[in-house]
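Q: Let me give you the structure first, and then I'll get to my questions.
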Amino acid sequence: MVRLTICPRSDENLYDLLVRKELALRKKKQGTLHRHGPKKKDEEKWGHASKHGWIRFQRCLGQVLIATIQARDNAEEWQLLNSFIGFLDRHFRVSISSILISYDAPQD
């Protein structure tokens, strides 16, 4: 599992920006990351169109986002990470101050 801490510039509401962008892309039948599961306040679960896994993220204090990336197969985790970071960079580069990546210890 990979954890991301995404810090916005000033008080940008990254959570709302991400949710609105995914909705806009879904309405146009575009994009590879789509919302899955029930709606929850300040929490989202996204799946990838072709990779087996999911990305969960939630809004925290100061509009910081915490995201966890999990793949069914650990060998595909890097592809989900690559896809999500690419999505963030393409659409929200000017709104993001920093992204911290943390890796969990591998399970034997």
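In the structure tokens, each chain is lettered A, B, ... as it comes, each chain's residues begin at 1, and ligands are numbered from 1 in order of appearance.
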Please list as a PyMOL selection string every residue within 12 Å of Glu76 (chain A), counting only C-alpha atoms and excluding residues in the same chain fewer than 2 positions away.

A: chain A and resi 1-2+48+50-54+69-74+78-83

Q: Quick one: write out the picked residues with C-alpha atoms as a PDB file, in the first residue's frame?

A:
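Printed below is part-v5.pdb as written:
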ATOM      1  CA  MET A   1       0.000   0.000   0.000  1.00  0.00           C
ATOM      2  CA  VAL A   2       1.181   3.491  -0.844  1.00  0.00           C
ATOM      3  CA  HIS A  48      -9.106   2.579 -12.498  1.00  0.00           C
ATOM      4  CA  SER A  50      -8.075  -1.108 -16.610  1.00  0.00           C
ATOM      5  CA  LYS A  51      -5.972  -1.659 -13.465  1.00  0.00           C
ATOM      6  CA  HIS A  52      -7.249  -3.811 -10.613  1.00  0.00           C
ATOM      7  CA  GLY A  53      -7.160  -1.736  -7.473  1.00  0.00           C
ATOM      8  CA  TRP A  54      -8.465   1.413  -5.892  1.00  0.00           C
ATOM      9  CA  ILE A  69      -3.398   3.365  -3.194  1.00  0.00           C
ATOM     10  CA  GLN A  70      -3.966  -0.384  -3.132  1.00  0.00           C
ATOM     11  CA  ALA A  71      -3.823  -2.904  -5.940  1.00  0.00           C
ATOM     12  CA  ARG A  72      -5.057  -6.481  -5.866  1.00  0.00           C
ATOM     13  CA  ASP A  73      -1.631  -7.459  -7.122  1.00  0.00           C
ATOM     14  CA  ASN A  74       1.310  -5.579  -5.561  1.00  0.00           C
ATOM     15  CA  TRP A  78       3.091   1.404  -9.269  1.00  0.00           C
ATOM     16  CA  GLN A  79       0.749   1.712 -12.269  1.00  0.00           C
ATOM     17  CA  LEU A  80      -2.097   3.029 -10.098  1.00  0.00           C
ATOM     18  CA  LEU A  81       0.326   5.408  -8.387  1.00  0.00           C
ATOM     19  CA  ASN A  82       1.574   6.611 -11.763  1.00  0.00           C
ATOM     20  CA  SER A  83      -1.979   7.132 -13.011  1.00  0.00           C
TER      21      SER A  83
END

Q: Could you pull the residues within 12 Å of Ser97 (chain A), counting only C-alpha atoms, minus those fewer than 6 positions along the same chain, as a CSV table (one decimal) with C-alpha atoms, in the first residue's frame?

A:
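out.csv, freshly written:
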chain,number,residue,atom,x,y,z
A,5,THR,CA,-0.1,13.4,1.5
A,6,ILE,CA,-1.1,16.1,-0.9
A,7,CYS,CA,-0.8,19.7,0.4
A,8,PRO,CA,-2.6,22.5,-1.4
A,9,ARG,CA,-1.3,26.0,-2.2
A,10,SER,CA,-2.9,28.4,0.3
A,11,ASP,CA,-6.4,27.3,1.1
A,12,GLU,CA,-7.3,25.6,-2.2
A,14,LEU,CA,-8.3,20.1,-3.6
A,63,GLN,CA,-7.6,21.1,3.1
A,64,VAL,CA,-4.8,18.5,3.0
A,65,LEU,CA,-5.7,15.3,1.2
A,88,LEU,CA,-3.0,15.3,-10.2
A,89,ASP,CA,-0.2,16.8,-12.3

Q: Looking at A:Leu4, A:Ile96, A:Gly86, A:Gly62, which one is nearest to Leu33 (chain A), with distances taken over only C-alpha atoms?

A: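 Smallest distance to Leu33 (chain A) is found for A:Gly86.
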
Q: Run DSSP on the backbone and tell me which residues of region 15-85 of chain A come out as strand (DSSP E or B); list them as a list in words.

A: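 Answer for region 15-85 of chain A restricted to strand (DSSP E or B) is Leu33, His34, Arg35, Lys40, Glu43, Glu44, Lys45, Trp46, Gly47, His48, Gly53, Trp54, Ile55, Arg56, Phe57, Gln58, Arg59, Leu65, Ile66, Ala67, Thr68, Ile69, Gln70 and Ala71 of chain A.
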
Q: Pull C-alpha atoms from the residues just selected and write them as a PDB file, in the first residue's frame.

A:
ATOM      1  CA  LEU A  33     -10.215   7.056 -12.781  1.00  0.00           C
ATOM      2  CA  HIS A  34     -13.850   6.811 -11.680  1.00  0.00           C
ATOM      3  CA  ARG A  35     -15.700   6.932  -8.375  1.00  0.00           C
ATOM      4  CA  LYS A  40     -19.419   9.630   2.017  1.00  0.00           C
ATOM      5  CA  GLU A  43     -14.153  10.638   1.511  1.00  0.00           C
ATOM      6  CA  GLU A  44     -13.901   9.104  -1.968  1.00  0.00           C
ATOM      7  CA  LYS A  45     -12.988   5.736  -3.441  1.00  0.00           C
ATOM      8  CA  TRP A  46     -11.880   5.659  -7.049  1.00  0.00           C
ATOM      9  CA  GLY A  47     -11.105   2.728  -9.296  1.00  0.00           C
ATOM     10  CA  HIS A  48      -9.106   2.579 -12.498  1.00  0.00           C
ATOM     11  CA  GLY A  53      -7.160  -1.736  -7.473  1.00  0.00           C
ATOM     12  CA  TRP A  54      -8.465   1.413  -5.892  1.00  0.00           C
ATOM     13  CA  ILE A  55      -7.516   4.820  -4.594  1.00  0.00           C
ATOM     14  CA  ARG A  56      -9.134   6.093  -1.413  1.00  0.00           C
ATOM     15  CA  PHE A  57      -8.700   9.673  -0.380  1.00  0.00           C
ATOM     16  CA  GLN A  58     -10.127  11.956   2.248  1.00  0.00           C
ATOM     17  CA  ARG A  59     -10.023  15.600   3.173  1.00  0.00           C
ATOM     18  CA  LEU A  65      -5.653  15.261   1.204  1.00  0.00           C
ATOM     19  CA  ILE A  66      -4.558  11.835   2.373  1.00  0.00           C
ATOM     20  CA  ALA A  67      -4.746   9.132  -0.298  1.00  0.00           C
ATOM     21  CA  THR A  68      -4.074   5.407  -0.087  1.00  0.00           C
ATOM     22  CA  ILE A  69      -3.398   3.365  -3.194  1.00  0.00           C
ATOM     23  CA  GLN A  70      -3.966  -0.384  -3.132  1.00  0.00           C
ATOM     24  CA  ALA A  71      -3.823  -2.904  -5.940  1.00  0.00           C
TER      25      ALA A  71
END

Q: Give the helix (DSSP H, G or I) residues of chain A, as DSSP finds them on the backbone, and put them as a PyMOL selection string.

A: chain A and resi 14-27+61-63+74-95

Q: Which residue gives the smallest distance to Leu25 (chain A) among A:Ala75, A:Gly37, A:Asp42, A:Phe87, with only C-alpha atoms counted?

A: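 Closest to Leu25 (chain A), using only C-alpha atoms: A:Phe87.
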
Q: For Gln30 (chain A), please output as an mmCIF file with N, CA and C atoms, in the first residue's frame all residues within 12 Å (counting only C-alpha atoms; exclusion window: fewer than 5 positions along the same chain).

A:
data_model
loop_
_atom_site.group_PDB
_atom_site.id
_atom_site.type_symbol
_atom_site.label_atom_id
_atom_site.label_comp_id
_atom_site.auth_asym_id
_atom_site.auth_seq_id
_atom_site.Cartn_x
_atom_site.Cartn_y
_atom_site.Cartn_z
ATOM 1 N N LYS A 21 -13.748 17.471 -11.070
ATOM 2 C CA LYS A 21 -13.059 17.100 -12.306
ATOM 3 C C LYS A 21 -13.424 15.675 -12.730
ATOM 4 N N GLU A 22 -13.470 14.741 -11.769
ATOM 5 C CA GLU A 22 -13.846 13.353 -12.098
ATOM 6 C C GLU A 22 -15.266 13.318 -12.638
ATOM 7 N N LEU A 23 -16.170 14.078 -12.033
ATOM 8 C CA LEU A 23 -17.559 14.123 -12.487
ATOM 9 C C LEU A 23 -17.651 14.689 -13.899
ATOM 10 N N ALA A 24 -16.916 15.764 -14.185
ATOM 11 C CA ALA A 24 -16.927 16.365 -15.517
ATOM 12 C C ALA A 24 -16.389 15.389 -16.562
ATOM 13 N N LEU A 25 -15.296 14.688 -16.232
ATOM 14 C CA LEU A 25 -14.740 13.723 -17.176
ATOM 15 C C LEU A 25 -15.684 12.540 -17.386
ATOM 16 N N ALA A 49 -9.966 2.232 -14.735
ATOM 17 C CA ALA A 49 -10.696 1.527 -15.779
ATOM 18 C C ALA A 49 -10.047 0.200 -16.165
#
